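Participant: Dropping a structure here in structure tokens format, bear with me for questions.
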Amino acid sequence: VTADEQPASDVGAANGVRSGDATRRTVADWATDFSHMDAEYAQDAPAIWRALRQRCPIAHTDRFGGAWLPTRYDDIAAIAYDTERFSSRSIIVSHFRQPRESAPVGGIPPISSDPPFHRDARKLLLPAFTKSAVDEHESSTRAFCHSLIDGFSSGDVVDAATEYAQQIPTRVMADLLGFPPEDGPRFRHFVENALESVDVPADQRAPNELYDYLSVQVRDHIDHPRDDLTTYLINAELHGEKLHVDHVVGTLALLLIAGIDTTWSAIGASLWHLARAPEDRRRLVADAELLPTATEELLRAYAPVTMARLVTDDVRWRGVEMNADDWVLLPFPAANRDPEHFDQADEVIIDRQVNRHAAFGLGIHRCIGSHLARMELRAALDVWLRRIPEFTLADPGAVTWSAGQIRGVRNLPLRIA
Amino acid sequence: MITAALSGAVRACVPGYTTASSHSTAIDRIVLDVYTRCSITCYPSLIPKGGWRPKRMRVHIDPERCQGHGRCYDLTPALFGADEEGYGTVLHDEFVPPELERGGRMSAANCPESAVVVTEGRP
């Protein structure tokens with residue numbers, strides 16, 4: 001099954017195209033005028049990357065105040081490793097760039113931090129996200145997956161994106177951070193505001209309720225300390241001092257947003273693939289041992305996350321003239337489909353043995369939640385396949401994909417009976 | 001070309017022989033001689049009795065490259081572990097037990113940062 005055969009009607013009005021000057025114009029030429037917020041990009045980004053790799057491997061746009069889109073693995077990796085010429089102080093392309101003075105901390109440390117500060121801010125979080133630390137959440141995650149399926153309405157069609165995939169990381173992150181589980185629906189709103197309305201000029205964006213919400217949570221945790229990541233961050237020390245409250249709130253914002261949209265997208269895209277690939281689905285149902293290998297292949301083919309960097313100084317880089325403060329997108333999903341690095345790169349081969357994919361990024365900013373995301377994805381797929389071994393797309397035309405830097409299905413009606 | 005490779009192979013099999021040794025040219029001569037007389041299929045007969053030592057594998061993790069993706073310990077938990085921050089560690093610091101060699105190669109081939117380095121050779 002080719003991974004990209006998404007019907008044209010897969011693109012829904014609910015995602016991607018919002019008001020804002022960056023997307024209002026149709027893309028004239030993907031090499032010189034790209035927009036990752038465009039409906040066509042949401043519909044079939046892999047086809048755009050494939051064409052660009054051949055014709056113009058580092059595409060440019062004047063939108064967003066100037067941005068670049070490398071599409072070859074080697075270029076994406078080189079930029080990810082070069083933290084001097086490419087700063088992380090802003091990592092989501094929009095009309096707003098963090099001021100230079102915010103480096104090396106940035107607004108949401110450590111993802112927004114550059115060396116040398118980055119290392120220390122990251123070190124604080126690492127022990128909470130090791131494989132053995134996140135494995136402690138596996139049984140509760142699996143139980144939650146079962147409870148979601150138990151709760152499906154009696155009809156034979158379910159929206160696996162909103163009723164299953166989205167719910168899992170929302171609950172896991174609420175548990176991890178020690179936020180009330182019933183606040184889940186609000187998190188969805190925060191994510192939308194942070195990631196999917198980036199083309200709206202800064203002065204027109206909704207006031208940031210997320211920071212207000214987090215401030216209330218931090219206050220509550222200061223008054224009532226408990227065994228969770230929020231209390232841990234409040235008590236943590238960096239360079240002999242407690243973290244500034246802005247650092248705590250920024251890191252919580254990062255964990256909440258980065259922990260939800262991404263994993264949700266990976267679970268949804270994987271179920272979308274399995275709904276359309278009965279052979280893969282039956283193999284996995286028959287042989288659960290194959291699941292870890294298949295999970296890696298689904299992560300490769302449907303990697304959700306594209307990060308961004310800001311160019312530090314004017315530079316001629318691999319043949320293109322980059323200006324200081326230009327954005328550079330790092331589409332790790334495009335790297336994962338580069339035929340120079342992967343055989344049959346656009347095919348999903350669920351028993352692919354050698355799979356050096358970059359779904360969780362490369363270099364010092366490797367996704368700190370990668371072990372958590374893998375645990376959630378494996379649990380979500382394993383429970384689903386055990387409970388619902390047979391399923392198909394109920395209405396291919398109703399499937400919608402998100403535009404922007406987090407790629408995943410947002411509506412996925414599946415026939416489950 | 002082929003004889004040079006064969007000479008190299010023979011030298012690698014015979015302990016104590018180095019390119020600097022006087023035996024080296026003798027080996028070259030024998031290899032050339034045998035190669036020109038026989039087909040290449042007979043070269044295993046050149047291997048001296050008892051000259052083979054089994055190839056052994058070592059693995060190490062380059063700490064400058066490792067970012068804690070954890071593919072090594074996911075794939076081969078008997079060979080790789082994690083430190084308290086999730087960076088990979090090697091559990092067998094001498095040679096890799098033969099039954100884990102395949103796992104060592106798989107982990108190296110799947111490390112996104114190419115931080116897992118496998119070396120194979122005769123001790």
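Scheme for the structure tokens: letters A, B, ... for chains in order shown; per-chain residue numbers from 1; ligand numbers from 1 in order shown.
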Leaving out stretch 67-80 of chain B and any residue of its chain fewer than 5 positions from it, which residues lie within 10 Å of it when counting only C-alpha atoms, given as JSON, numbers by chain?
Facilitator: {"A": [126, 130, 131, 292, 293, 296, 356, 358, 360, 361, 362, 363, 364, 365, 366, 367, 368, 369, 370, 371], "B": [59, 60, 61, 62, 85, 86, 87, 88, 89, 90, 91, 92, 93, 96, 97, 100, 101, 102, 103, 104, 105, 106, 107, 108, 109, 110, 111, 112, 113, 115, 116]}
Participant: Write to file, as a tab-separated table (two decimals), in the first residue's frame, the residues of the selection just made, with C-alpha atoms.
Facilitator:
```tsv
chain	number	residue	atom	x	y	z
A	126	LEU	CA	15.21	13.65	31.39
A	130	THR	CA	13.11	7.61	30.60
A	131	LYS	CA	11.71	4.38	29.28
A	292	PRO	CA	7.08	-2.86	17.95
A	293	THR	CA	8.65	-3.13	14.50
A	296	GLU	CA	8.53	2.17	14.11
A	356	ARG	CA	16.95	4.74	11.11
A	358	ALA	CA	14.02	10.66	12.47
A	360	PHE	CA	11.58	12.20	17.04
A	361	GLY	CA	14.10	14.60	15.59
A	362	LEU	CA	17.88	14.47	15.51
A	363	GLY	CA	20.53	16.01	17.71
A	364	ILE	CA	20.23	17.75	21.05
A	365	HIS	CA	16.50	18.42	20.76
A	366	ARG	CA	15.48	14.77	20.35
A	367	CYS	CA	11.85	14.61	21.50
A	368	ILE	CA	12.09	14.21	25.26
A	369	GLY	CA	8.75	12.40	25.26
A	370	SER	CA	9.72	9.82	22.67
A	371	HIS	CA	9.60	6.90	25.11
B	59	VAL	CA	30.09	-2.47	20.65
B	60	HIS	CA	30.36	0.97	22.09
B	61	ILE	CA	28.17	4.04	22.23
B	62	ASP	CA	29.63	7.37	21.20
B	85	GLU	CA	18.78	10.09	31.98
B	86	GLY	CA	17.94	7.56	29.29
B	87	TYR	CA	21.25	7.61	27.41
B	88	GLY	CA	22.34	4.22	26.12
B	89	THR	CA	24.88	2.08	27.94
B	90	VAL	CA	26.62	-1.14	26.88
B	91	LEU	CA	26.09	-4.04	29.27
B	92	HIS	CA	28.98	-6.18	27.96
B	93	ASP	CA	32.10	-4.07	27.93
B	96	VAL	CA	29.54	-9.30	22.73
B	97	PRO	CA	28.26	-12.81	23.43
B	100	LEU	CA	23.74	-11.11	20.88
B	101	GLU	CA	25.84	-10.19	17.87
B	102	ARG	CA	22.86	-9.92	15.56
B	103	GLY	CA	21.18	-7.67	18.09
B	104	GLY	CA	24.30	-5.53	18.22
B	105	ARG	CA	24.25	-5.07	14.47
B	106	MET	CA	20.50	-4.36	14.44
B	107	SER	CA	20.84	-1.75	17.16
B	108	ALA	CA	23.69	-0.07	15.30
B	109	ALA	CA	21.70	-0.06	12.07
B	110	ASN	CA	18.66	1.47	13.76
B	111	CYS	CA	20.31	4.18	15.85
B	112	PRO	CA	19.01	7.49	14.48
B	113	GLU	CA	22.21	9.27	15.52
B	115	ALA	CA	25.93	6.50	17.89
B	116	VAL	CA	26.15	2.72	18.26
```
Participant: Do you know which residues are at most 10 Å from A:His221 counting only C-alpha atoms, after dropping those on the same chain fewer than 4 positions away, and could you put them as a ChimeraX atom specification?
Facilitator: /A:178-179,215-217,225-228,230-232,234
Participant: Identify all residues of stretch 40-181 of chain A in strand (DSSP E or B) (DSSP on the backbone) and supply them as a PyMOL selection string.
Facilitator: chain A and resi 58-61+67-70+86-87+157-159
Participant: With C-alpha atoms retained, could you export that selection as a PDB file, in the first residue's frame?
Facilitator:
```pdb
ATOM      1  CA  ILE A  58      15.545  23.679  -0.307  1.00  0.00           C
ATOM      2  CA  ALA A  59      12.350  25.568  -1.115  1.00  0.00           C
ATOM      3  CA  HIS A  60      11.665  29.150  -0.107  1.00  0.00           C
ATOM      4  CA  THR A  61       8.700  31.355   0.640  1.00  0.00           C
ATOM      5  CA  ALA A  67      11.068  30.762   5.417  1.00  0.00           C
ATOM      6  CA  TRP A  68      12.943  27.776   3.963  1.00  0.00           C
ATOM      7  CA  LEU A  69      11.823  24.179   3.522  1.00  0.00           C
ATOM      8  CA  PRO A  70      14.602  21.600   3.088  1.00  0.00           C
ATOM      9  CA  PHE A  86      20.194  27.808  13.489  1.00  0.00           C
ATOM     10  CA  SER A  87      18.597  28.890  16.751  1.00  0.00           C
ATOM     11  CA  VAL A 157     -19.200   3.916  13.082  1.00  0.00           C
ATOM     12  CA  VAL A 158     -16.814   5.689  15.441  1.00  0.00           C
ATOM     13  CA  ASP A 159     -14.546   8.676  14.899  1.00  0.00           C
TER      14      ASP A 159
END
```
Participant: Any idea what's packed within 8 Å of A:Leu254, counting only C-alpha atoms, ignoring anything in its chain fewer than 4 positions away? Could you give it as a PDB file with C-alpha atoms, in the first residue's frame?
Facilitator:
```pdb
ATOM      1  CA  ILE A 108       9.290  27.298  26.358  1.00  0.00           C
ATOM      2  CA  PRO A 109      12.524  25.710  27.623  1.00  0.00           C
ATOM      3  CA  ILE A 111      12.774  23.035  23.254  1.00  0.00           C
ATOM      4  CA  GLY A 250       6.790  27.635  29.925  1.00  0.00           C
ATOM      5  CA  ALA A 258       3.918  18.833  22.562  1.00  0.00           C
ATOM      6  CA  GLY A 259       2.620  15.804  24.427  1.00  0.00           C
TER       7      GLY A 259
END
```
Participant: For a test of reading the model, state the distance in Å between atom CA of A:Arg142 and atom CA of A:Val172, rounded to one decimal.
Facilitator: 10.5 Å
Participant: Could you tell me which of B:Glu94, B:Glu99, B:Glu64, B:Gly121 comes closest to chain A if we count only C-alpha atoms?
Facilitator: B:Glu64
Participant: Closest to A:Asn411 among A:Thr251, A:Ser265, A:Thr295, A:Asn336, using only C-alpha atoms?
Facilitator: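 Closest to A:Asn411, using only C-alpha atoms: A:Ser265.
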Participant: Using only C-alpha atoms, which protein or nucleic acid residues come within 9 Å of A:Glu390? Drop anything in the same chain fewer than 6 positions from it, and give the result as a list of chain:residue names.
Facilitator: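 Listed by chain and then number, they are A:Ala275, A:Pro278, A:Arg281, A:Arg282, A:Arg415, A:Ile416, A:Ala417.
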Participant: For a test of reading the model, state the distance in Å between atom CA of A:Tyr211 and atom CA of A:Val249, rounded to one decimal.
Facilitator: 7.0 Å
Participant: What is the atom CA of A:Met375-atom CA of A:Glu138 distance in Å, reported with one decimal?
Facilitator: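 Answer for the atom CA of A:Met375 to atom CA of A:Glu138 separation: 6.7 Å.
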